[in-house]
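Quick look at upload-v9.cif (mmCIF, C-alpha atoms):
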```cif
data_structure
#
loop_
_atom_site.group_PDB
_atom_site.id
_atom_site.type_symbol
_atom_site.label_atom_id
_atom_site.label_comp_id
_atom_site.auth_asym_id
_atom_site.auth_seq_id
_atom_site.Cartn_x
_atom_site.Cartn_y
_atom_site.Cartn_z
ATOM 1 C CA MET J 134 23.535 133.377 116.206
ATOM 2 C CA THR J 135 26.587 135.000 114.618
ATOM 3 C CA PRO J 136 29.591 132.651 114.480
ATOM 4 C CA PRO J 137 32.677 133.892 116.346
ATOM 5 C CA THR J 138 35.312 135.739 114.348
ATOM 6 C CA PRO J 139 38.280 133.481 113.614
ATOM 7 C CA ARG J 140 41.336 134.279 115.670
ATOM 8 C CA PRO J 141 44.037 136.042 113.606
ATOM 9 C CA SER J 142 47.167 134.081 112.830
ATOM 10 C CA PRO J 143 50.323 134.860 114.824
ATOM 11 C CA LEU J 144 51.863 136.334 111.682
ATOM 12 C CA ARG J 145 48.968 138.759 111.290
ATOM 13 C CA GLN J 146 48.650 139.469 115.005
ATOM 14 C CA VAL J 147 52.269 140.573 115.390
ATOM 15 C CA ARG J 148 51.821 143.053 112.544
ATOM 16 C CA VAL J 149 48.542 144.418 113.925
ATOM 17 C CA ASP J 150 50.010 144.724 117.433
ATOM 18 C CA ARG J 151 52.712 146.994 116.024
ATOM 19 C CA GLY J 152 50.203 149.126 114.128
ATOM 20 C CA LEU J 153 51.692 148.294 110.720
ATOM 21 C CA THR J 154 49.882 147.956 107.404
ATOM 22 C CA LEU J 155 50.749 145.356 104.799
ATOM 23 C CA GLU J 156 52.230 148.081 102.634
ATOM 24 C CA GLN J 157 54.405 149.390 105.464
ATOM 25 C CA VAL J 158 55.856 145.951 106.198
ATOM 26 C CA CYS J 159 56.672 145.403 102.515
ATOM 27 C CA ALA J 160 58.308 148.846 102.290
ATOM 28 C CA ASP J 161 60.412 148.093 105.378
ATOM 29 C CA LEU J 162 61.518 144.754 103.934
ATOM 30 C CA ASP J 163 62.468 146.436 100.657
ATOM 31 C CA HIS J 164 64.496 149.014 102.576
ATOM 32 C CA ARG J 165 66.372 146.242 104.410
ATOM 33 C CA SER J 166 67.146 144.368 101.183
ATOM 34 C CA ARG J 167 70.557 144.856 99.575
ATOM 35 C CA THR J 168 68.937 145.148 96.158
ATOM 36 C CA GLY J 169 66.150 147.450 97.297
ATOM 37 C CA SER J 170 63.465 144.842 96.633
ATOM 38 C CA SER J 171 62.659 141.951 98.961
ATOM 39 C CA GLY J 172 60.183 140.381 96.565
ATOM 40 C CA VAL J 173 57.387 140.507 99.150
ATOM 41 C CA THR J 174 54.142 142.164 98.040
ATOM 42 C CA PRO J 175 51.087 143.085 100.150
ATOM 43 C CA SER J 176 49.020 140.354 98.483
ATOM 44 C CA MET J 177 51.704 137.728 99.215
ATOM 45 C CA LEU J 178 51.946 138.800 102.842
ATOM 46 C CA SER J 179 48.162 138.741 103.215
ATOM 47 C CA GLY J 180 48.029 135.210 101.805
ATOM 48 C CA TRP J 181 50.688 134.056 104.261
ATOM 49 C CA GLU J 182 48.880 135.656 107.186
ATOM 50 C CA ARG J 183 45.596 133.997 106.255
ATOM 51 C CA GLY J 184 47.215 130.607 105.654
ATOM 52 C CA ARG J 185 46.142 130.548 102.014
ATOM 53 C CA ARG J 186 49.741 130.333 100.850
ATOM 54 C CA THR J 187 52.788 128.655 102.327
ATOM 55 C CA THR J 188 55.760 130.869 103.142
ATOM 56 C CA SER J 189 59.059 129.578 101.764
ATOM 57 C CA ARG J 190 62.135 129.194 103.953
ATOM 58 C CA ARG J 191 63.720 132.317 102.503
ATOM 59 C CA TYR J 192 60.781 134.543 103.397
ATOM 60 C CA ARG J 193 60.300 132.872 106.761
ATOM 61 C CA ASP J 194 63.853 133.847 107.665
ATOM 62 C CA LEU J 195 63.185 137.374 106.406
ATOM 63 C CA LEU J 196 60.039 137.807 108.501
ATOM 64 C CA THR J 197 61.415 136.206 111.658
ATOM 65 C CA ASP J 198 64.365 138.604 111.485
ATOM 66 C CA TYR J 199 62.021 141.545 110.885
ATOM 67 C CA TYR J 200 59.612 140.755 113.718
ATOM 68 C CA GLY J 201 62.164 139.219 116.073
ATOM 69 C CA ARG J 202 59.962 136.173 116.688
ATOM 70 C CA PRO J 203 60.793 132.462 116.131
ATOM 71 C CA ILE J 204 59.577 130.530 113.099
ATOM 72 C CA GLU J 205 57.673 128.073 115.306
ATOM 73 C CA GLU J 206 55.564 130.933 116.648
ATOM 74 C CA LEU J 207 54.909 132.989 113.509
ATOM 75 C CA PHE J 208 54.025 130.120 111.155
ATOM 76 C CA VAL J 209 52.215 127.652 113.398
ATOM 77 C CA HIS J 210 48.956 128.394 111.523
ATOM 78 C CA GLN J 211 50.551 127.116 108.313
ATOM 79 C CA ASP J 212 52.456 124.130 109.695
ATOM 80 C CA GLY J 213 49.710 123.021 112.075
ATOM 81 C CA ALA J 214 47.157 122.888 109.259
ATOM 82 C CA VAL J 215 49.335 120.506 107.272
ATOM 83 C CA GLU J 216 50.028 118.246 110.227
ATOM 84 C CA SER J 217 46.388 118.028 111.330
ATOM 85 C CA GLY J 218 44.727 117.873 107.912
ATOM 86 C CA ASN J 219 47.092 115.737 105.907
ATOM 87 C CA THR J 220 46.735 112.019 105.352
ATOM 88 C CA SER J 221 49.326 109.866 103.651
ATOM 89 C CA CYS J 222 49.741 106.267 102.621
ATOM 90 C CA LEU J 223 52.382 104.102 101.041
ATOM 91 C CA VAL J 224 52.042 103.045 97.402
ATOM 92 C CA ASN J 225 54.097 99.903 96.869
ATOM 93 C CA GLY J 226 54.840 98.465 93.452
ATOM 94 C CA PRO J 227 55.138 99.904 89.944
ATOM 95 C CA ARG J 228 51.574 99.212 88.834
ATOM 96 C CA ASP J 229 50.012 100.863 91.882
ATOM 97 C CA LEU J 230 52.457 103.765 91.633
ATOM 98 C CA ARG J 231 51.581 104.435 88.019
ATOM 99 C CA GLU J 232 47.860 104.256 88.782
ATOM 100 C CA ALA J 233 48.192 106.605 91.769
ATOM 101 C CA MET J 234 50.138 109.162 89.722
ATOM 102 C CA SER J 235 47.686 108.879 86.845
ATOM 103 C CA GLU J 236 44.758 109.355 89.229
ATOM 104 C CA VAL J 237 46.240 112.637 90.473
ATOM 105 C CA ALA J 238 46.367 113.857 86.870
ATOM 106 C CA ARG J 239 42.861 112.591 86.039
ATOM 107 C CA THR J 240 41.217 114.252 89.030
ATOM 108 C CA ALA J 241 43.063 117.594 88.972
ATOM 109 C CA ALA J 242 40.492 120.391 88.760
ATOM 110 C CA SER J 243 42.443 123.664 88.837
ATOM 111 C CA HIS J 244 46.189 122.947 89.008
ATOM 112 C CA LEU J 245 48.516 120.111 88.046
ATOM 113 C CA ALA J 246 52.271 120.192 88.675
ATOM 114 C CA VAL J 247 54.755 117.550 87.534
ATOM 115 C CA THR J 248 58.500 117.596 88.143
ATOM 116 C CA GLY J 249 61.420 115.578 86.821
ATOM 117 C CA SER J 250 63.193 114.937 83.525
ATOM 118 C CA ARG J 251 63.090 111.130 83.389
ATOM 119 C CA SER J 252 59.468 110.213 82.610
ATOM 120 C CA ARG J 253 59.288 107.450 80.052
ATOM 121 C CA ASP J 254 55.892 105.835 80.671
ATOM 122 C CA VAL J 255 53.857 106.804 77.608
ATOM 123 C CA ALA J 256 50.511 105.785 79.140
ATOM 124 C CA TYR J 257 51.096 108.056 82.152
ATOM 125 C CA LEU J 258 52.153 110.966 79.948
ATOM 126 C CA LYS J 259 49.078 110.453 77.748
ATOM 127 C CA THR J 260 46.900 110.629 80.875
ATOM 128 C CA ILE J 261 48.300 114.102 81.574
ATOM 129 C CA GLU J 262 47.609 115.172 77.995
ATOM 130 C CA LYS J 263 44.026 113.901 78.172
ATOM 131 C CA ALA J 264 43.405 115.751 81.439
ATOM 132 C CA LEU J 265 44.633 119.004 79.909
ATOM 133 C CA ALA J 266 42.572 118.466 76.754
ATOM 134 C CA ALA J 267 39.402 117.768 78.783
ATOM 135 C CA ARG J 268 39.863 120.828 81.025
ATOM 136 C CA PRO J 269 41.262 123.844 79.143
ATOM 137 C CA GLU J 270 41.232 125.872 82.373
ATOM 138 C CA LEU J 271 43.509 123.389 84.173
ATOM 139 C CA VAL J 272 46.780 125.206 84.906
ATOM 140 C CA HIS J 273 49.774 122.962 84.285
ATOM 141 C CA TYR J 274 53.341 123.321 85.576
ATOM 142 C CA ARG J 275 56.070 121.057 84.203
ATOM 143 C CA LEU J 276 59.495 121.442 85.789
ATOM 144 C CA LEU J 277 62.536 119.873 84.166
ATOM 145 C CA PHE J 278 65.822 119.360 85.968
ATOM 146 C CA GLY J 279 68.230 119.324 83.089
ATOM 147 C CA PRO J 280 67.189 118.398 79.530
ATOM 148 C CA PRO J 281 64.605 115.629 79.015
ATOM 149 C CA ARG J 282 66.264 112.245 79.514
ATOM 150 C CA THR J 283 63.892 110.265 77.316
ATOM 151 C CA ARG J 284 62.370 110.512 73.867
ATOM 152 C CA ALA J 285 58.927 109.877 75.349
ATOM 153 C CA LEU J 286 59.160 112.950 77.588
ATOM 154 C CA HIS J 287 60.563 115.128 74.807
ATOM 155 C CA ALA J 288 57.698 114.128 72.522
ATOM 156 C CA HIS J 289 55.183 114.687 75.342
ATOM 157 C CA LEU J 290 56.416 118.240 75.861
ATOM 158 C CA GLY J 291 56.103 118.862 72.127
ATOM 159 C CA ARG J 292 52.503 117.706 72.152
ATOM 160 C CA LEU J 293 51.735 120.018 75.087
ATOM 161 C CA LEU J 294 53.148 122.976 73.182
ATOM 162 C CA GLU J 295 51.191 122.009 70.072
ATOM 163 C CA ALA J 296 47.968 121.768 72.090
ATOM 164 C CA ARG J 297 48.405 124.910 74.216
ATOM 165 C CA ASP J 298 50.019 128.282 73.687
ATOM 166 C CA PRO J 299 51.824 129.447 76.854
ATOM 167 C CA ASP J 300 51.255 133.043 75.763
ATOM 168 C CA ASP J 301 47.480 132.593 75.480
ATOM 169 C CA ARG J 302 45.462 134.485 78.085
ATOM 170 C CA SER J 303 41.985 133.951 76.615
ATOM 171 C CA LEU J 304 40.867 132.289 79.874
ATOM 172 C CA GLY J 305 42.251 135.177 81.905
ATOM 173 C CA MET J 306 45.417 133.355 82.934
ATOM 174 C CA LYS J 307 48.388 131.422 81.641
ATOM 175 C CA THR J 308 47.595 127.709 81.596
ATOM 176 C CA LEU J 309 50.883 126.116 80.489
ATOM 177 C CA HIS J 310 54.190 126.638 82.294
ATOM 178 C CA ILE J 311 57.275 124.656 81.261
ATOM 179 C CA GLY J 312 60.523 125.510 83.009
ATOM 180 C CA LEU J 313 64.067 124.159 82.979
ATOM 181 C CA ILE J 314 66.295 124.151 86.054
ATOM 182 C CA ARG J 315 69.807 124.143 84.648
ATOM 183 C CA PRO J 316 72.610 122.015 86.172
ATOM 184 C CA GLU J 317 74.613 125.086 87.160
ATOM 185 C CA GLN J 318 71.760 126.189 89.434
ATOM 186 C CA ASP J 319 72.687 123.303 91.742
ATOM 187 C CA MET J 320 69.095 122.317 92.554
ATOM 188 C CA PRO J 321 68.746 118.538 93.055
ATOM 189 C CA GLU J 322 66.206 116.842 90.816
ATOM 190 C CA ARG J 323 62.930 116.025 92.522
ATOM 191 C CA PHE J 324 59.991 113.917 91.427
ATOM 192 C CA PHE J 325 56.321 114.435 92.207
ATOM 193 C CA VAL J 326 52.933 114.965 90.659
ATOM 194 C CA ALA J 327 50.545 117.230 92.563
ATOM 195 C CA SER J 328 47.107 118.744 92.200
ATOM 196 C CA GLU J 329 44.987 120.723 94.632
ATOM 197 C CA ARG J 330 43.493 117.423 95.817
ATOM 198 C CA ALA J 331 46.389 114.984 96.171
ATOM 199 C CA ALA J 332 50.039 114.373 95.395
ATOM 200 C CA VAL J 333 52.299 111.378 94.817
ATOM 201 C CA VAL J 334 56.022 111.474 95.561
ATOM 202 C CA PRO J 335 58.013 108.491 94.197
ATOM 203 C CA ILE J 336 60.575 107.026 96.581
ATOM 204 C CA PRO J 337 63.350 104.432 96.143
ATOM 205 C CA SER J 338 62.141 100.906 95.576
ATOM 206 C CA LEU J 339 61.273 98.889 98.678
ATOM 207 C CA THR J 340 61.986 95.598 96.936
ATOM 208 C CA SER J 341 64.841 96.233 94.517
ATOM 209 C CA ALA J 342 68.028 98.245 94.140
ATOM 210 C CA TYR J 343 66.745 99.586 90.838
ATOM 211 C CA GLY J 344 64.909 102.845 90.442
ATOM 212 C CA PHE J 345 61.853 104.304 92.125
ATOM 213 C CA ASP J 346 58.855 101.957 91.991
ATOM 214 C CA SER J 347 57.175 102.954 95.256
ATOM 215 C CA GLY J 348 55.760 106.231 96.484
ATOM 216 C CA VAL J 349 53.854 108.186 99.116
ATOM 217 C CA LEU J 350 50.325 109.425 98.439
ATOM 218 C CA LEU J 351 49.626 112.739 100.196
ATOM 219 C CA GLY J 352 46.380 114.545 100.980
ATOM 220 C CA PRO J 353 45.262 118.100 100.079
ATOM 221 C CA PRO J 354 47.286 120.177 102.593
ATOM 222 C CA ALA J 355 50.635 118.672 101.581
ATOM 223 C CA ALA J 356 49.589 118.659 97.916
ATOM 224 C CA GLU J 357 48.949 122.406 98.068
ATOM 225 C CA ARG J 358 52.417 122.839 99.518
ATOM 226 C CA LEU J 359 53.928 120.955 96.591
ATOM 227 C CA LEU J 360 51.991 123.130 94.149
ATOM 228 C CA ASP J 361 53.609 126.152 95.798
ATOM 229 C CA HIS J 362 56.949 124.337 95.563
ATOM 230 C CA ALA J 363 56.470 123.931 91.815
ATOM 231 C CA ARG J 364 55.530 127.600 91.399
ATOM 232 C CA GLN J 365 58.681 128.664 93.189
ATOM 233 C CA CYS J 366 60.832 126.353 91.057
ATOM 234 C CA TYR J 367 59.192 127.741 87.931
ATOM 235 C CA ALA J 368 60.008 131.290 89.029
ATOM 236 C CA ALA J 369 63.690 130.308 89.081
ATOM 237 C CA ALA J 370 63.565 128.318 85.842
ATOM 238 C CA THR J 371 64.441 129.077 82.235
ATOM 239 C CA ARG J 372 61.288 129.029 80.113
ATOM 240 C CA VAL J 373 60.927 126.245 77.552
ATOM 241 C CA GLU J 374 57.675 127.438 76.042
ATOM 242 C CA SER J 375 58.099 127.189 72.293
ATOM 243 C CA LEU J 376 58.833 124.325 69.943
ATOM 244 C CA GLU J 377 62.043 126.088 68.959
ATOM 245 C CA ALA J 378 63.220 126.184 72.572
ATOM 246 C CA LEU J 379 62.256 122.545 73.049
ATOM 247 C CA HIS J 380 64.119 121.404 69.925
ATOM 248 C CA GLY J 381 67.184 123.101 71.351
ATOM 249 C CA LEU J 382 67.100 120.589 74.222
ATOM 250 C CA LEU J 383 68.421 117.317 72.883
ATOM 251 C CA PRO J 384 67.535 114.483 75.243
ATOM 252 C CA ALA J 385 70.417 113.552 77.543
ATOM 253 C CA PRO J 386 69.998 109.756 77.932
ATOM 254 C CA SER J 387 70.425 108.488 81.465
ATOM 255 C CA HIS J 388 69.584 104.855 80.708
ATOM 256 C CA PRO J 389 70.784 102.427 78.006
ATOM 257 C CA ARG J 390 67.256 102.236 76.601
ATOM 258 C CA ASP J 391 67.674 105.806 75.376
ATOM 259 C CA ARG J 392 71.273 105.644 74.149
ATOM 260 C CA SER J 393 70.290 104.162 70.801
ATOM 261 C CA TRP J 394 69.312 107.720 69.869
ATOM 262 C CA PRO J 395 72.577 109.611 69.241
ATOM 263 C CA THR J 396 72.601 113.117 70.681
ATOM 264 C CA SER J 397 73.814 114.397 67.330
ATOM 265 C CA ALA J 398 70.915 112.881 65.404
ATOM 266 C CA PRO J 399 67.985 115.091 64.325
ATOM 267 C CA LEU J 400 64.956 114.911 66.570
ATOM 268 C CA PRO J 401 61.871 113.122 65.224
ATOM 269 C CA PRO J 402 58.603 115.085 65.053
ATOM 270 C CA CYS J 403 57.138 115.749 68.499
ATOM 271 C CA SER J 404 53.813 114.154 67.662
ATOM 272 C CA GLU J 405 55.337 111.012 66.204
ATOM 273 C CA PRO J 406 58.538 110.119 68.014
ATOM 274 C CA GLY J 407 58.849 106.683 66.476
ATOM 275 C CA PRO J 408 61.336 103.978 67.478
ATOM 276 C CA THR J 409 64.941 104.268 66.419
ATOM 277 C CA SER J 410 65.961 100.755 67.389
ATOM 278 C CA THR J 411 64.491 97.307 67.833
ATOM 279 C CA ARG J 412 64.730 95.426 71.094
ATOM 280 C CA SER J 413 64.615 91.714 71.736
ATOM 281 C CA TRP J 414 64.350 90.022 75.088
ATOM 282 C CA ASN J 415 67.096 87.494 75.751
ATOM 283 C CA CYS J 416 66.573 86.198 79.259
ATOM 284 C CA PRO J 417 65.072 87.334 82.570
ATOM 285 C CA GLY J 418 66.488 90.658 83.648
ATOM 286 C CA THR J 419 68.322 91.470 80.403
ATOM 287 C CA TRP J 420 67.533 93.000 77.054
ATOM 288 C CA SER J 421 69.482 93.921 73.960
ATOM 289 C CA VAL J 422 69.493 96.889 71.613
ATOM 290 C CA SER J 423 69.815 96.216 67.907
ATOM 291 C CA ARG J 424 70.848 98.853 65.397
ATOM 292 C CA PRO J 425 70.798 98.365 61.650
ATOM 293 C CA GLY J 426 74.098 96.766 60.708
ATOM 294 C CA ALA J 427 75.237 96.395 64.314
ATOM 295 C CA ALA J 428 75.381 93.391 66.589
ATOM 296 C CA SER J 429 73.028 93.200 69.528
ATOM 297 C CA THR J 430 74.553 94.201 72.817
ATOM 298 C CA PRO J 431 72.987 92.492 75.835
ATOM 299 C CA THR J 432 72.782 94.548 78.983
ATOM 300 C CA THR J 433 71.771 93.659 82.510
ATOM 301 C CA THR J 434 69.448 96.539 83.210
ATOM 302 C CA PRO J 435 65.946 96.957 84.611
ATOM 303 C CA SER J 436 63.602 95.885 81.905
ATOM 304 C CA THR J 437 60.254 97.504 82.486
ATOM 305 C CA ILE J 438 59.612 101.179 83.122
ATOM 306 C CA TRP J 439 56.650 102.610 84.971
ATOM 307 C CA ALA J 440 55.813 106.108 86.120
ATOM 308 C CA GLY J 441 58.450 107.061 88.606
ATOM 309 C CA GLY J 442 60.842 104.147 88.148
ATOM 310 C CA TRP J 443 61.967 100.826 86.772
ATOM 311 C CA ARG J 444 60.968 97.272 87.522
ATOM 312 C CA ARG J 445 63.195 94.324 86.724
ATOM 313 C CA ARG J 446 61.462 91.586 84.790
ATOM 314 C CA ALA J 447 61.246 88.470 86.946
#
```
Have the structure of the file written as structure tokens, please.
Amino acid sequence: MTPPTPRPSPLRQVRVDRGLTLEQVCADLDHRSRTGSSGVTPSMLSGWERGRRTTSRRYRDLLTDYYGRPIEELFVHQDGAVESGNTSCLVNGPRDLREAMSEVARTAASHLAVTGSRSRDVAYLKTIEKALAARPELVHYRLLFGPPRTRALHAHLGRLLEARDPDDRSLGMKTLHIGLIRPEQDMPERFFVASERAAVVPIPSLTSAYGFDSGVLLGPPAAERLLDHARQCYAAATRVESLEALHGLLPAPSHPRDRSWPTSAPLPPCSEPGPTSTRSWNCPGTWSVSRPGAASTPTTTPSTIWAGGWRRRA
């Protein structure tokens, strides 16, 4: 018995009802655009109609205006799939958060996207590097929001560029994408790691006023959405895809642990960042930074860093 033909999505049905082809819709949208190009291609529109890709807010507004139908009607096939197919759970505590984020990287099969400029957990960053080394076909997106804030992240990016050439297409596609969202673009920094299978989004701590040591683990539908989110951010980003471009981004420390590295000092080699100060623990919840010839300065700051946030030493 032949299975029934799937019902077309509302977005496809409204086009078919009006006797329009994909090419005609795209041409109409281009004609309506002030610049003469809407950015919508037939392949993009087909993917949206079939629910294989998620339509961004900008293009949703464009299509609802074009068809004269509400968003809730045209895109129910996309939004309903996420609501019905997604599962989520809370990840509470720095250790579990780091493990959940690392697991997303370890199990990524085709795509891995990571956002944020504050990563400092070397073990987590090494997990990403190992996943990319084990699977050369794994496509990686790394989105920075401002320059790297830590030496560990800066060195990690250098190792990625040493291991992979963003211009290489020997596998038929680009497998390394590193982009920088500049402060003047006014796009708030966001933090997540996502693959085609799962995603983790760090959230503010549930137990402390310091940092982000908890998170939400999301299933495949929402994870795919975040992959699309990363692609769209990358399209708007400045490329940082050479060692020369990376060395032009001096880390901008956001935490006292990183301020022992003056912004005017030369960067250490990417593969061997090396410490530039020694640290000694004084008492619970505090640490001090010692520089050669300088007195130690105690600070009351979170003492232990994990993927996604800090944890104060008890």
**Fill in**
CA of Leu144 (chain J) to CA of Ile204 (chain J) measures 9.8 Å
**Request:** Apply the PyMOL selection byres ((chain J and resi 249-260) around 6) to the file shown and report the selected residues as a PyMOL selection string.
**Result:** chain J and resi 235+248+261-263+277-278+281-282+285-286+323-324+439-440
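When the PyMOL selection byres ((chain J and resi 290) around 10) is evaluated on the file shown here, the picked residues come out as Leu258, Glu262, Arg275, Pro281, Arg284, Ala285, Leu286, His287, Ala288, His289, Gly291, Arg292, Leu293, Leu294, Glu295, Ala296, Ile311, Val373, Glu374, Ser375, Leu376, Leu379, Cys403 and Ser404 of chain J.
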**Request:** Determine the nearest neighbour of Glu329 (chain J) from the options J:Leu265, J:Ala241, J:Ala378, J:Cys159, counting only C-alpha atoms.
**Result:** J:Ala241
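Between CA of Asp301 (chain J) and CA of Ser243 (chain J) there is a distance of 16.8 Å.
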Written as a short mmCIF file (atom, residue, chain, number, x, y, z; two decimals) with C-alpha atoms, keeping the file's coordinate frame, what is the full residue list that the PyMOL selection byres ((chain J and resi 226) around 6) yields on the file shown?
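Just written: result-v5.cif:
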```
data_model
loop_
_atom_site.label_atom_id
_atom_site.label_comp_id
_atom_site.auth_asym_id
_atom_site.auth_seq_id
_atom_site.Cartn_x
_atom_site.Cartn_y
_atom_site.Cartn_z
CA ASN J 225 54.10 99.90 96.87
CA PRO J 227 55.14 99.90 89.94
CA ARG J 228 51.57 99.21 88.83
CA ASP J 229 50.01 100.86 91.88
CA ASP J 346 58.86 101.96 91.99
CA SER J 347 57.18 102.95 95.26
#
```
**Prompt:** J:Arg315, J:Arg297, J:Arg330, J:Arg145: which is nearest Glu357 (chain J), counting all atoms listed in the file?
**Reply:** J:Arg330
**Request:** Measure the distance from CA of Ser179 (chain J) to CA of Leu155 (chain J) in Å and round it to one decimal.
**Result:** 7.3 Å
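When all atoms listed in the file are used to compute distances to Val147 (chain J), the closest of the residues J:Leu309, J:Ile336, J:Leu178, J:Leu207 turns out to be J:Leu207.
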**Request:** Give as a ChimeraX atom specification every residue, naming chains and numbers as the document does, that has an atom within 12 Å of (54.7, 119.0, 91.0), counting only C-alpha atoms.
**Result:** /J:234,237-238,241,244-249,272-277,310-312,322-329,331-335,355-367
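Once Ser170 (chain J) and its same-chain neighbours fewer than 6 positions away are set aside, Cys159, Ala160, Asp161, Leu162, Asp163 and His164 of chain J remain within 12 Å of it when counting all atoms listed in the file.
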Just to be explicit: take each residue in the selection above, keep C-alpha atoms, and write the result as a PDB file, in the frame of the given file.
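Here's the written file result16.pdb:
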```pdb
ATOM      1  CA  CYS J 159      56.672 145.403 102.515  1.00  0.00           C
ATOM      2  CA  ALA J 160      58.308 148.846 102.290  1.00  0.00           C
ATOM      3  CA  ASP J 161      60.412 148.093 105.378  1.00  0.00           C
ATOM      4  CA  LEU J 162      61.518 144.754 103.934  1.00  0.00           C
ATOM      5  CA  ASP J 163      62.468 146.436 100.657  1.00  0.00           C
ATOM      6  CA  HIS J 164      64.496 149.014 102.576  1.00  0.00           C
TER       7      HIS J 164
END
```
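The residue that comes closest to Arg185 (chain J), out of J:Ala242, J:Tyr200, J:Pro354, J:Asp300 and on the basis of only C-alpha atoms, is J:Pro354.
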